[in-house]
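Heads up, upload-v7.txt below (compact mmCIF, N, CA and C atoms):
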```txt
# COMPACT_ATOMS: atom_id res chain seq x y z
N MET A 539 123.94 83.80 64.66
CA MET A 539 123.73 85.17 64.24
C MET A 539 124.50 86.07 65.20
N HIS A 540 125.33 86.90 64.65
CA HIS A 540 126.09 87.87 65.43
C HIS A 540 125.23 89.12 65.60
N LEU A 541 125.10 89.58 66.84
CA LEU A 541 124.24 90.72 67.14
C LEU A 541 125.05 91.90 67.65
N PRO A 542 124.77 93.09 67.15
CA PRO A 542 125.49 94.27 67.65
C PRO A 542 125.06 94.57 69.08
N HIS A 543 125.88 95.30 69.78
CA HIS A 543 125.59 95.67 71.17
C HIS A 543 124.83 96.98 71.19
N ARG A 544 123.55 96.92 70.83
CA ARG A 544 122.70 98.10 70.84
C ARG A 544 121.24 97.66 71.03
N PRO A 545 120.38 98.57 71.43
CA PRO A 545 118.99 98.21 71.75
C PRO A 545 118.23 97.54 70.60
N SER A 546 118.55 97.83 69.37
CA SER A 546 117.85 97.23 68.24
C SER A 546 118.20 95.76 68.02
N ALA A 547 119.17 95.24 68.75
CA ALA A 547 119.59 93.85 68.57
C ALA A 547 118.44 92.88 68.82
N ALA A 548 117.61 93.14 69.81
CA ALA A 548 116.49 92.24 70.11
C ALA A 548 115.51 92.18 68.94
N ARG A 549 115.26 93.31 68.31
CA ARG A 549 114.35 93.33 67.16
C ARG A 549 114.91 92.51 66.02
N TYR A 550 116.20 92.69 65.72
CA TYR A 550 116.84 91.91 64.65
C TYR A 550 116.80 90.42 64.95
N ALA A 551 117.04 90.07 66.21
CA ALA A 551 117.01 88.67 66.61
C ALA A 551 115.60 88.08 66.44
N ARG A 552 114.57 88.81 66.88
CA ARG A 552 113.19 88.33 66.71
C ARG A 552 112.85 88.13 65.25
N GLU A 553 113.26 89.06 64.40
CA GLU A 553 112.97 88.94 62.96
C GLU A 553 113.63 87.69 62.39
N ALA A 554 114.86 87.42 62.77
CA ALA A 554 115.57 86.23 62.28
C ALA A 554 114.90 84.95 62.76
N ILE A 555 114.50 84.93 64.01
CA ILE A 555 113.85 83.74 64.55
C ILE A 555 112.45 83.57 63.98
N GLN A 556 111.76 84.67 63.73
CA GLN A 556 110.45 84.59 63.08
C GLN A 556 110.60 83.93 61.71
N HIS A 557 111.63 84.29 60.98
CA HIS A 557 111.89 83.67 59.67
C HIS A 557 112.16 82.17 59.84
N GLU A 558 112.94 81.81 60.85
CA GLU A 558 113.23 80.39 61.09
C GLU A 558 111.96 79.63 61.46
N LEU A 559 111.15 80.20 62.34
CA LEU A 559 109.89 79.55 62.71
C LEU A 559 108.99 79.38 61.50
N HIS A 560 108.96 80.38 60.63
CA HIS A 560 108.17 80.30 59.40
C HIS A 560 108.68 79.17 58.50
N SER A 561 109.99 79.07 58.36
CA SER A 561 110.55 78.02 57.49
C SER A 561 110.25 76.62 58.04
N LEU A 562 110.05 76.51 59.34
CA LEU A 562 109.67 75.22 59.94
C LEU A 562 108.16 75.02 59.97
N GLY A 563 107.40 76.03 59.54
CA GLY A 563 105.94 75.94 59.52
C GLY A 563 105.32 76.07 60.90
N LEU A 564 106.04 76.68 61.84
CA LEU A 564 105.56 76.74 63.21
C LEU A 564 104.82 78.02 63.55
N ASP A 565 105.02 79.06 62.78
CA ASP A 565 104.37 80.34 63.11
C ASP A 565 102.95 80.44 62.58
N GLU A 566 102.60 79.63 61.59
CA GLU A 566 101.26 79.70 61.00
C GLU A 566 100.52 78.38 61.15
N ALA A 567 100.94 77.57 62.10
CA ALA A 567 100.30 76.28 62.31
C ALA A 567 98.84 76.48 62.70
N SER A 568 98.00 75.53 62.29
CA SER A 568 96.58 75.64 62.64
C SER A 568 96.34 75.31 64.11
N ASP A 569 97.25 74.62 64.75
CA ASP A 569 97.15 74.25 66.16
C ASP A 569 97.58 75.45 67.01
N SER A 570 96.67 75.95 67.85
CA SER A 570 96.98 77.14 68.64
C SER A 570 98.10 76.88 69.65
N SER A 571 98.25 75.66 70.13
CA SER A 571 99.32 75.38 71.09
C SER A 571 100.69 75.47 70.42
N ILE A 572 100.76 75.15 69.14
CA ILE A 572 102.03 75.30 68.40
C ILE A 572 102.34 76.79 68.22
N ARG A 573 101.33 77.57 67.87
CA ARG A 573 101.53 79.02 67.73
C ARG A 573 101.95 79.65 69.05
N GLU A 574 101.37 79.19 70.16
CA GLU A 574 101.75 79.71 71.47
C GLU A 574 103.21 79.40 71.78
N CYS A 575 103.67 78.23 71.41
CA CYS A 575 105.08 77.87 71.62
C CYS A 575 105.98 78.75 70.77
N ALA A 576 105.57 79.01 69.53
CA ALA A 576 106.35 79.89 68.65
C ALA A 576 106.43 81.29 69.25
N ASP A 577 105.31 81.78 69.79
CA ASP A 577 105.31 83.10 70.44
C ASP A 577 106.23 83.09 71.66
N ALA A 578 106.23 81.99 72.41
CA ALA A 578 107.11 81.88 73.58
C ALA A 578 108.57 81.96 73.15
N VAL A 579 108.92 81.30 72.07
CA VAL A 579 110.30 81.35 71.57
C VAL A 579 110.69 82.79 71.26
N LEU A 580 109.81 83.53 70.60
CA LEU A 580 110.12 84.92 70.25
C LEU A 580 110.32 85.78 71.50
N LEU A 581 109.50 85.59 72.51
CA LEU A 581 109.68 86.35 73.75
C LEU A 581 110.97 85.97 74.47
N ILE A 582 111.30 84.70 74.47
CA ILE A 582 112.53 84.24 75.10
C ILE A 582 113.74 84.83 74.39
N VAL A 583 113.72 84.80 73.06
CA VAL A 583 114.82 85.40 72.29
C VAL A 583 114.96 86.87 72.66
N SER A 584 113.86 87.57 72.70
CA SER A 584 113.89 88.99 73.01
C SER A 584 114.49 89.24 74.39
N GLU A 585 114.09 88.46 75.38
CA GLU A 585 114.59 88.65 76.73
C GLU A 585 116.07 88.31 76.85
N LEU A 586 116.50 87.20 76.28
CA LEU A 586 117.91 86.81 76.39
C LEU A 586 118.82 87.80 75.67
N VAL A 587 118.41 88.26 74.51
CA VAL A 587 119.23 89.23 73.76
C VAL A 587 119.23 90.57 74.48
N THR A 588 118.09 91.00 74.98
CA THR A 588 118.03 92.25 75.71
C THR A 588 118.93 92.21 76.94
N ASN A 589 118.89 91.09 77.67
CA ASN A 589 119.77 90.96 78.83
C ASN A 589 121.23 91.05 78.44
N ALA A 590 121.61 90.40 77.34
CA ALA A 590 122.99 90.45 76.88
C ALA A 590 123.40 91.88 76.55
N CYS A 591 122.50 92.64 75.93
CA CYS A 591 122.82 94.01 75.55
C CYS A 591 122.82 94.96 76.76
N ARG A 592 121.96 94.74 77.72
CA ARG A 592 121.86 95.65 78.87
C ARG A 592 122.88 95.38 79.95
N HIS A 593 123.25 94.11 80.12
CA HIS A 593 124.02 93.74 81.30
C HIS A 593 125.43 93.23 81.02
N THR A 594 125.85 93.23 79.76
CA THR A 594 127.18 92.72 79.45
C THR A 594 127.88 93.66 78.47
N PRO A 595 129.19 93.63 78.45
CA PRO A 595 129.92 94.43 77.46
C PRO A 595 130.00 93.69 76.13
N GLY A 596 130.03 94.40 75.07
CA GLY A 596 130.28 93.79 73.77
C GLY A 596 129.07 93.14 73.14
N PRO A 597 129.25 92.62 71.94
CA PRO A 597 128.16 92.02 71.17
C PRO A 597 127.77 90.65 71.72
N ALA A 598 126.72 90.09 71.15
CA ALA A 598 126.24 88.76 71.53
C ALA A 598 126.07 87.93 70.26
N ASP A 599 126.02 86.63 70.45
CA ASP A 599 125.73 85.71 69.35
C ASP A 599 124.51 84.89 69.72
N LEU A 600 123.63 84.67 68.75
CA LEU A 600 122.38 83.93 68.94
C LEU A 600 122.42 82.68 68.08
N ARG A 601 122.04 81.56 68.69
CA ARG A 601 121.91 80.29 67.95
C ARG A 601 120.60 79.64 68.34
N THR A 602 120.03 78.91 67.41
CA THR A 602 118.88 78.06 67.72
C THR A 602 119.14 76.69 67.14
N SER A 603 118.50 75.71 67.74
CA SER A 603 118.52 74.37 67.17
C SER A 603 117.13 73.76 67.34
N TRP A 604 116.83 72.83 66.47
CA TRP A 604 115.52 72.18 66.44
C TRP A 604 115.77 70.69 66.40
N HIS A 605 115.34 69.98 67.46
CA HIS A 605 115.56 68.54 67.53
C HIS A 605 114.44 67.90 68.35
N ASP A 606 113.81 66.87 67.79
CA ASP A 606 112.72 66.16 68.48
C ASP A 606 111.65 67.10 68.99
N ARG A 607 111.28 68.06 68.17
CA ARG A 607 110.23 69.04 68.45
C ARG A 607 110.55 69.95 69.64
N VAL A 608 111.83 70.12 69.90
CA VAL A 608 112.28 71.06 70.93
C VAL A 608 113.16 72.10 70.27
N MET A 609 112.82 73.37 70.47
CA MET A 609 113.67 74.44 69.99
C MET A 609 114.52 74.92 71.17
N THR A 610 115.82 74.99 70.93
CA THR A 610 116.75 75.51 71.92
C THR A 610 117.28 76.84 71.42
N VAL A 611 117.23 77.83 72.28
CA VAL A 611 117.75 79.17 72.00
C VAL A 611 118.97 79.35 72.87
N GLU A 612 120.08 79.80 72.28
CA GLU A 612 121.31 80.06 73.02
C GLU A 612 121.83 81.45 72.68
N VAL A 613 122.24 82.18 73.69
CA VAL A 613 122.84 83.50 73.50
C VAL A 613 124.19 83.51 74.21
N ASP A 614 125.25 83.75 73.44
CA ASP A 614 126.59 83.92 73.98
C ASP A 614 126.81 85.40 74.24
N ASP A 615 127.38 85.72 75.40
CA ASP A 615 127.73 87.10 75.66
C ASP A 615 129.07 87.16 76.37
N TYR A 616 129.55 88.37 76.62
CA TYR A 616 130.86 88.57 77.21
C TYR A 616 130.80 88.96 78.68
N GLY A 617 129.65 88.73 79.31
CA GLY A 617 129.50 89.05 80.71
C GLY A 617 129.86 87.87 81.59
N ARG A 618 130.27 88.19 82.79
CA ARG A 618 130.60 87.13 83.76
C ARG A 618 129.49 86.96 84.81
N ASP A 619 128.63 87.98 84.95
CA ASP A 619 127.53 87.87 85.91
C ASP A 619 126.53 86.84 85.39
N LEU A 620 126.10 85.98 86.30
CA LEU A 620 125.19 84.89 85.92
C LEU A 620 123.74 85.36 85.98
N PRO A 621 122.89 84.85 85.10
CA PRO A 621 121.48 85.26 85.10
C PRO A 621 120.77 84.72 86.33
N VAL A 622 119.86 85.52 86.85
CA VAL A 622 119.07 85.12 88.02
C VAL A 622 117.63 85.58 87.82
N ILE A 623 116.74 84.91 88.51
CA ILE A 623 115.35 85.36 88.57
C ILE A 623 115.26 86.35 89.72
N VAL A 624 114.85 87.56 89.39
CA VAL A 624 114.78 88.64 90.37
C VAL A 624 113.50 88.48 91.21
N ASP A 625 113.65 88.64 92.53
CA ASP A 625 112.50 88.57 93.43
C ASP A 625 111.46 89.63 93.05
N ASP A 626 110.18 89.29 93.28
CA ASP A 626 109.08 90.20 92.93
C ASP A 626 109.26 91.60 93.50
N ASP A 627 109.73 91.70 94.73
CA ASP A 627 109.84 93.02 95.36
C ASP A 627 111.00 93.85 94.83
N ARG A 628 111.86 93.27 94.00
CA ARG A 628 112.97 94.02 93.41
C ARG A 628 112.73 94.35 91.94
N ARG A 629 111.61 93.89 91.37
CA ARG A 629 111.27 94.21 89.98
C ARG A 629 110.60 95.57 89.93
N GLY A 630 110.76 96.24 88.78
CA GLY A 630 110.13 97.55 88.69
C GLY A 630 110.28 98.16 87.31
N ALA A 631 110.16 99.47 87.28
CA ALA A 631 110.21 100.20 86.02
C ALA A 631 111.53 100.01 85.28
N GLU A 632 112.60 99.74 86.01
CA GLU A 632 113.91 99.56 85.38
C GLU A 632 114.14 98.13 84.91
N GLY A 633 113.22 97.22 85.20
CA GLY A 633 113.36 95.85 84.73
C GLY A 633 113.31 94.84 85.85
N GLY A 634 113.93 93.70 85.57
CA GLY A 634 113.95 92.61 86.53
C GLY A 634 112.99 91.48 86.21
N PHE A 635 112.28 91.60 85.09
CA PHE A 635 111.28 90.61 84.73
C PHE A 635 111.80 89.53 83.78
N GLY A 636 112.91 89.79 83.10
CA GLY A 636 113.37 88.96 81.99
C GLY A 636 113.53 87.49 82.28
N MET A 637 114.34 87.12 83.25
CA MET A 637 114.59 85.70 83.49
C MET A 637 113.38 85.02 84.11
N GLY A 638 112.54 85.77 84.81
CA GLY A 638 111.28 85.21 85.28
C GLY A 638 110.38 84.82 84.12
N LEU A 639 110.35 85.67 83.09
CA LEU A 639 109.59 85.34 81.88
C LEU A 639 110.18 84.13 81.18
N VAL A 640 111.50 84.10 81.04
CA VAL A 640 112.16 82.96 80.41
C VAL A 640 111.82 81.68 81.17
N ASP A 641 111.87 81.76 82.50
CA ASP A 641 111.56 80.60 83.32
C ASP A 641 110.11 80.14 83.12
N ALA A 642 109.18 81.09 83.06
CA ALA A 642 107.76 80.76 82.90
C ALA A 642 107.43 80.22 81.51
N LEU A 643 108.11 80.73 80.49
CA LEU A 643 107.78 80.36 79.11
C LEU A 643 108.53 79.15 78.58
N SER A 644 109.63 78.79 79.22
CA SER A 644 110.45 77.70 78.71
C SER A 644 110.19 76.41 79.47
N ASP A 645 110.68 75.32 78.91
CA ASP A 645 110.63 74.03 79.59
C ASP A 645 111.91 73.79 80.38
N GLY A 646 112.73 74.78 80.45
CA GLY A 646 113.97 74.72 81.19
C GLY A 646 114.97 75.69 80.61
N TRP A 647 115.82 76.23 81.46
CA TRP A 647 116.84 77.17 81.00
C TRP A 647 118.06 76.98 81.90
N GLY A 648 119.16 77.53 81.45
CA GLY A 648 120.38 77.45 82.23
C GLY A 648 121.47 78.27 81.59
N PHE A 649 122.69 78.05 82.05
CA PHE A 649 123.83 78.78 81.51
C PHE A 649 125.06 77.91 81.69
N ARG A 650 126.06 78.22 80.90
CA ARG A 650 127.36 77.58 81.06
C ARG A 650 128.43 78.63 80.79
N SER A 651 129.48 78.56 81.57
CA SER A 651 130.60 79.48 81.38
C SER A 651 131.40 79.07 80.16
N ARG A 652 132.01 80.04 79.54
CA ARG A 652 132.91 79.79 78.41
C ARG A 652 134.00 80.85 78.47
N ASP A 653 135.05 80.64 77.72
CA ASP A 653 136.14 81.62 77.70
C ASP A 653 135.59 82.99 77.32
N GLY A 654 135.81 83.96 78.17
CA GLY A 654 135.41 85.32 77.88
C GLY A 654 133.96 85.65 78.18
N GLY A 655 133.20 84.73 78.75
CA GLY A 655 131.81 85.03 79.04
C GLY A 655 131.00 83.81 79.38
N LYS A 656 129.77 83.78 78.87
CA LYS A 656 128.86 82.68 79.17
C LYS A 656 127.88 82.48 78.02
N THR A 657 127.19 81.35 78.07
CA THR A 657 126.09 81.04 77.17
C THR A 657 124.86 80.83 78.04
N VAL A 658 123.78 81.53 77.73
CA VAL A 658 122.50 81.36 78.40
C VAL A 658 121.58 80.68 77.39
N TYR A 659 120.87 79.64 77.84
CA TYR A 659 120.03 78.87 76.91
C TYR A 659 118.66 78.60 77.53
N ALA A 660 117.70 78.31 76.65
CA ALA A 660 116.35 77.93 77.07
C ALA A 660 115.80 76.94 76.04
N HIS A 661 114.94 76.04 76.51
CA HIS A 661 114.33 75.01 75.67
C HIS A 661 112.82 75.22 75.65
N VAL A 662 112.22 75.10 74.47
CA VAL A 662 110.77 75.14 74.34
C VAL A 662 110.34 73.90 73.57
N SER A 663 109.50 73.08 74.20
CA SER A 663 108.97 71.87 73.57
C SER A 663 107.70 72.19 72.82
N PHE A 664 107.62 71.74 71.59
CA PHE A 664 106.43 71.93 70.76
C PHE A 664 105.61 70.65 70.76
N PRO A 665 104.27 70.78 70.77
CA PRO A 665 103.42 69.59 70.74
C PRO A 665 103.51 68.85 69.41
```

How would this structure read if it were set down as structure tokens?
Amino acid sequence: MHLPHRPSAARYAREAIQHELHSLGLDEASDSSIRECADAVLLIVSELVTNACRHTPGPADLRTSWHDRVMTVEVDDYGRDLPVIVDDDRRGAEGGFGMGLVDALSDGWGFRSRDGGKTVYAHVSFP
């Protein structure tokens, strides 16, 4: 999914992923741990897309994959600065919480450089 470089991009991304989770039957599962994982995916999408829009030039691209009950979220952007978890004493009203949330909600995250930017990804395992 190609995302415009504007604040509403995170909302569009969440709506698209909500539709994907619904098509996989993960958003309305009777098991609360599955629903919690689906909610984690939505928050991770929101954080990664927001970071791409706030901290990089140009649009971003969002991809997800589903394999062996693991959802992987990937966001391509045109920034060269690498994502970091901001220390508690540097977080505040202007932000700094995003990658800490991604770290807490995911089963692992990382990044890889690519021509013109980077890809930031996170994995969420479903029970």

Item to check | atom N of A:Pro597 to atom C of A:Pro542, straight-line distance in Å | outcome: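 Answer for the atom C of A:Pro542 to atom N of A:Pro597 separation: 5.4 Å.
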
Checklist entry - Taking all atoms listed in the file into account, which of A:Leu643, A:Ala590, A:Ile572, A:Leu600 comes nearest A:Tyr616? => result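 Among A:Leu643, A:Ala590, A:Ile572, A:Leu600, it is A:Ala590 that comes nearest to A:Tyr616.
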
Checklist entry - A:Lys656, A:Arg552, A:His557, A:His543: which is nearest A:Ala598, counting only N, CA and C atoms? => result A:His543

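Among A:Gln556, A:Trp647, A:Asp565, A:Arg618, the residue with the shortest atom-to-atom distance to A:Pro595, counting all atoms listed in the file, is A:Arg618.
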
Item to check | Nearby residues (only C-alpha atoms) at most 8 Å from A:His661, same-chain spacing under 2 positions excluded, as a ChimeraX atom specification | outcome: /A:608-611,644-647,659,663

Checklist entry - From the list A:Ser571, A:Met637, A:Ala576, A:Cys591, which residue is nearest A:Asp615 when using all atoms listed in the file? => result A:Cys591

First collect every listed atom of stretch 620-630 of chain A; then fit an axis-aligned box around them, widen it by 4 Å on each side, and give centre and edge lengths in Å to one decimal, as JSON.
```
{"center_x": 117.6, "center_y": 91.4, "center_z": 90.2, "size_x": 25.0, "size_y": 21.4, "size_z": 18.3}
```

Next on the checklist: Taking the DSSP secondary structure from the backbone, can you list the residues of chain A that are strand (DSSP E), as a PyMOL selection string?
Outcome noted: chain A and resi 540-541+598-605+608-615+646-652+655-663

Item to check | Residue contacts of A:Leu586 (8 Å, all atoms listed in the file) excluding same-chain residues fewer than 2 positions away, as a ChimeraX atom specification | outcome: /A:548,580-584,588-592,612-614,636-637,640,658-659

Just write the chosen residues, N, CA and C atoms, as a PDB file, keeping the file's coordinate frame.
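Final output, again.pdb:
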```
ATOM      1  N   ALA A 548     117.610  93.140  69.810  1.00  0.00           N
ATOM      2  CA  ALA A 548     116.490  92.240  70.110  1.00  0.00           C
ATOM      3  C   ALA A 548     115.510  92.180  68.940  1.00  0.00           C
ATOM      4  N   LEU A 580     109.810  83.530  70.600  1.00  0.00           N
ATOM      5  CA  LEU A 580     110.120  84.920  70.250  1.00  0.00           C
ATOM      6  C   LEU A 580     110.320  85.780  71.500  1.00  0.00           C
ATOM      7  N   LEU A 581     109.500  85.590  72.510  1.00  0.00           N
ATOM      8  CA  LEU A 581     109.680  86.350  73.750  1.00  0.00           C
ATOM      9  C   LEU A 581     110.970  85.970  74.470  1.00  0.00           C
ATOM     10  N   ILE A 582     111.300  84.700  74.470  1.00  0.00           N
ATOM     11  CA  ILE A 582     112.530  84.240  75.100  1.00  0.00           C
ATOM     12  C   ILE A 582     113.740  84.830  74.390  1.00  0.00           C
ATOM     13  N   VAL A 583     113.720  84.800  73.060  1.00  0.00           N
ATOM     14  CA  VAL A 583     114.820  85.400  72.290  1.00  0.00           C
ATOM     15  C   VAL A 583     114.960  86.870  72.660  1.00  0.00           C
ATOM     16  N   SER A 584     113.860  87.570  72.700  1.00  0.00           N
ATOM     17  CA  SER A 584     113.890  88.990  73.010  1.00  0.00           C
ATOM     18  C   SER A 584     114.490  89.240  74.390  1.00  0.00           C
ATOM     19  N   THR A 588     118.090  91.000  74.980  1.00  0.00           N
ATOM     20  CA  THR A 588     118.030  92.250  75.710  1.00  0.00           C
ATOM     21  C   THR A 588     118.930  92.210  76.940  1.00  0.00           C
ATOM     22  N   ASN A 589     118.890  91.090  77.670  1.00  0.00           N
ATOM     23  CA  ASN A 589     119.770  90.960  78.830  1.00  0.00           C
ATOM     24  C   ASN A 589     121.230  91.050  78.440  1.00  0.00           C
ATOM     25  N   ALA A 590     121.610  90.400  77.340  1.00  0.00           N
ATOM     26  CA  ALA A 590     122.990  90.450  76.880  1.00  0.00           C
ATOM     27  C   ALA A 590     123.400  91.880  76.550  1.00  0.00           C
ATOM     28  N   CYS A 591     122.500  92.640  75.930  1.00  0.00           N
ATOM     29  CA  CYS A 591     122.820  94.010  75.550  1.00  0.00           C
ATOM     30  C   CYS A 591     122.820  94.960  76.760  1.00  0.00           C
ATOM     31  N   ARG A 592     121.960  94.740  77.720  1.00  0.00           N
ATOM     32  CA  ARG A 592     121.860  95.650  78.870  1.00  0.00           C
ATOM     33  C   ARG A 592     122.880  95.380  79.950  1.00  0.00           C
ATOM     34  N   GLU A 612     120.080  79.800  72.280  1.00  0.00           N
ATOM     35  CA  GLU A 612     121.310  80.060  73.020  1.00  0.00           C
ATOM     36  C   GLU A 612     121.830  81.450  72.680  1.00  0.00           C
ATOM     37  N   VAL A 613     122.240  82.180  73.690  1.00  0.00           N
ATOM     38  CA  VAL A 613     122.840  83.500  73.500  1.00  0.00           C
ATOM     39  C   VAL A 613     124.190  83.510  74.210  1.00  0.00           C
ATOM     40  N   ASP A 614     125.250  83.750  73.440  1.00  0.00           N
ATOM     41  CA  ASP A 614     126.590  83.920  73.980  1.00  0.00           C
ATOM     42  C   ASP A 614     126.810  85.400  74.240  1.00  0.00           C
ATOM     43  N   GLY A 636     112.910  89.790  83.100  1.00  0.00           N
ATOM     44  CA  GLY A 636     113.370  88.960  81.990  1.00  0.00           C
ATOM     45  C   GLY A 636     113.530  87.490  82.280  1.00  0.00           C
ATOM     46  N   MET A 637     114.340  87.120  83.250  1.00  0.00           N
ATOM     47  CA  MET A 637     114.590  85.700  83.490  1.00  0.00           C
ATOM     48  C   MET A 637     113.380  85.020  84.110  1.00  0.00           C
ATOM     49  N   VAL A 640     111.500  84.100  81.040  1.00  0.00           N
ATOM     50  CA  VAL A 640     112.160  82.960  80.410  1.00  0.00           C
ATOM     51  C   VAL A 640     111.820  81.680  81.170  1.00  0.00           C
ATOM     52  N   VAL A 658     123.780  81.530  77.730  1.00  0.00           N
ATOM     53  CA  VAL A 658     122.500  81.360  78.400  1.00  0.00           C
ATOM     54  C   VAL A 658     121.580  80.680  77.390  1.00  0.00           C
ATOM     55  N   TYR A 659     120.870  79.640  77.840  1.00  0.00           N
ATOM     56  CA  TYR A 659     120.030  78.870  76.910  1.00  0.00           C
ATOM     57  C   TYR A 659     118.660  78.600  77.530  1.00  0.00           C
TER      58      TYR A 659
END
```

Could you go through chain A and tell me which residues DSSP, when run on the backbone, assigns to alpha helix (DSSP H), listing them as a short mmCIF file (atom, residue, chain, number, x, y, z; two decimals) with N, CA and C atoms, in the frame of the given file?
```
data_model
loop_
_atom_site.label_atom_id
_atom_site.label_comp_id
_atom_site.auth_asym_id
_atom_site.auth_seq_id
_atom_site.Cartn_x
_atom_site.Cartn_y
_atom_site.Cartn_z
N ALA A 547 119.17 95.24 68.75
CA ALA A 547 119.59 93.85 68.57
C ALA A 547 118.44 92.88 68.82
N ALA A 548 117.61 93.14 69.81
CA ALA A 548 116.49 92.24 70.11
C ALA A 548 115.51 92.18 68.94
N ARG A 549 115.26 93.31 68.31
CA ARG A 549 114.35 93.33 67.16
C ARG A 549 114.91 92.51 66.02
N TYR A 550 116.20 92.69 65.72
CA TYR A 550 116.84 91.91 64.65
C TYR A 550 116.80 90.42 64.95
N ALA A 551 117.04 90.07 66.21
CA ALA A 551 117.01 88.67 66.61
C ALA A 551 115.60 88.08 66.44
N ARG A 552 114.57 88.81 66.88
CA ARG A 552 113.19 88.33 66.71
C ARG A 552 112.85 88.13 65.25
N GLU A 553 113.26 89.06 64.40
CA GLU A 553 112.97 88.94 62.96
C GLU A 553 113.63 87.69 62.39
N ALA A 554 114.86 87.42 62.77
CA ALA A 554 115.57 86.23 62.28
C ALA A 554 114.90 84.95 62.76
N ILE A 555 114.50 84.93 64.01
CA ILE A 555 113.85 83.74 64.55
C ILE A 555 112.45 83.57 63.98
N GLN A 556 111.76 84.67 63.73
CA GLN A 556 110.45 84.59 63.08
C GLN A 556 110.60 83.93 61.71
N HIS A 557 111.63 84.29 60.98
CA HIS A 557 111.89 83.67 59.67
C HIS A 557 112.16 82.17 59.84
N GLU A 558 112.94 81.81 60.85
CA GLU A 558 113.23 80.39 61.09
C GLU A 558 111.96 79.63 61.46
N LEU A 559 111.15 80.20 62.34
CA LEU A 559 109.89 79.55 62.71
C LEU A 559 108.99 79.38 61.50
N HIS A 560 108.96 80.38 60.63
CA HIS A 560 108.17 80.30 59.40
C HIS A 560 108.68 79.17 58.50
N SER A 561 109.99 79.07 58.36
CA SER A 561 110.55 78.02 57.49
C SER A 561 110.25 76.62 58.04
N SER A 570 96.67 75.95 67.85
CA SER A 570 96.98 77.14 68.64
C SER A 570 98.10 76.88 69.65
N SER A 571 98.25 75.66 70.13
CA SER A 571 99.32 75.38 71.09
C SER A 571 100.69 75.47 70.42
N ILE A 572 100.76 75.15 69.14
CA ILE A 572 102.03 75.30 68.40
C ILE A 572 102.34 76.79 68.22
N ARG A 573 101.33 77.57 67.87
CA ARG A 573 101.53 79.02 67.73
C ARG A 573 101.95 79.65 69.05
N GLU A 574 101.37 79.19 70.16
CA GLU A 574 101.75 79.71 71.47
C GLU A 574 103.21 79.40 71.78
N CYS A 575 103.67 78.23 71.41
CA CYS A 575 105.08 77.87 71.62
C CYS A 575 105.98 78.75 70.77
N ALA A 576 105.57 79.01 69.53
CA ALA A 576 106.35 79.89 68.65
C ALA A 576 106.43 81.29 69.25
N ASP A 577 105.31 81.78 69.79
CA ASP A 577 105.31 83.10 70.44
C ASP A 577 106.23 83.09 71.66
N ALA A 578 106.23 81.99 72.41
CA ALA A 578 107.11 81.88 73.58
C ALA A 578 108.57 81.96 73.15
N VAL A 579 108.92 81.30 72.07
CA VAL A 579 110.30 81.35 71.57
C VAL A 579 110.69 82.79 71.26
N LEU A 580 109.81 83.53 70.60
CA LEU A 580 110.12 84.92 70.25
C LEU A 580 110.32 85.78 71.50
N LEU A 581 109.50 85.59 72.51
CA LEU A 581 109.68 86.35 73.75
C LEU A 581 110.97 85.97 74.47
N ILE A 582 111.30 84.70 74.47
CA ILE A 582 112.53 84.24 75.10
C ILE A 582 113.74 84.83 74.39
N VAL A 583 113.72 84.80 73.06
CA VAL A 583 114.82 85.40 72.29
C VAL A 583 114.96 86.87 72.66
N SER A 584 113.86 87.57 72.70
CA SER A 584 113.89 88.99 73.01
C SER A 584 114.49 89.24 74.39
N GLU A 585 114.09 88.46 75.38
CA GLU A 585 114.59 88.65 76.73
C GLU A 585 116.07 88.31 76.85
N LEU A 586 116.50 87.20 76.28
CA LEU A 586 117.91 86.81 76.39
C LEU A 586 118.82 87.80 75.67
N VAL A 587 118.41 88.26 74.51
CA VAL A 587 119.23 89.23 73.76
C VAL A 587 119.23 90.57 74.48
N THR A 588 118.09 91.00 74.98
CA THR A 588 118.03 92.25 75.71
C THR A 588 118.93 92.21 76.94
N ASN A 589 118.89 91.09 77.67
CA ASN A 589 119.77 90.96 78.83
C ASN A 589 121.23 91.05 78.44
N ALA A 590 121.61 90.40 77.34
CA ALA A 590 122.99 90.45 76.88
C ALA A 590 123.40 91.88 76.55
N CYS A 591 122.50 92.64 75.93
CA CYS A 591 122.82 94.01 75.55
C CYS A 591 122.82 94.96 76.76
N ARG A 592 121.96 94.74 77.72
CA ARG A 592 121.86 95.65 78.87
C ARG A 592 122.88 95.38 79.95
N HIS A 593 123.25 94.11 80.12
CA HIS A 593 124.02 93.74 81.30
C HIS A 593 125.43 93.23 81.02
N GLY A 636 112.91 89.79 83.10
CA GLY A 636 113.37 88.96 81.99
C GLY A 636 113.53 87.49 82.28
N MET A 637 114.34 87.12 83.25
CA MET A 637 114.59 85.70 83.49
C MET A 637 113.38 85.02 84.11
N GLY A 638 112.54 85.77 84.81
CA GLY A 638 111.28 85.21 85.28
C GLY A 638 110.38 84.82 84.12
N LEU A 639 110.35 85.67 83.09
CA LEU A 639 109.59 85.34 81.88
C LEU A 639 110.18 84.13 81.18
N VAL A 640 111.50 84.10 81.04
CA VAL A 640 112.16 82.96 80.41
C VAL A 640 111.82 81.68 81.17
N ASP A 641 111.87 81.76 82.50
CA ASP A 641 111.56 80.60 83.32
C ASP A 641 110.11 80.14 83.12
N ALA A 642 109.18 81.09 83.06
CA ALA A 642 107.76 80.76 82.90
C ALA A 642 107.43 80.22 81.51
N LEU A 643 108.11 80.73 80.49
CA LEU A 643 107.78 80.36 79.11
C LEU A 643 108.53 79.15 78.58
#
```

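Using all atoms listed in the file, the shortest contact distance between A:Ile555 and any of A:Glu574, A:Val579, A:Asp619, A:Leu541 is found at A:Val579.
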
Checklist entry - What does the distance between atom N of A:Ser568 and atom N of A:Phe664 come to in Å, to one decimal place? => result 13.9 Å

Next on the checklist: Just the number, please: distance in Å from atom N of A:Leu564 to atom CA of A:Arg544, one decimal.
Outcome noted: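 Interatomic distance here is 28.6 Å.
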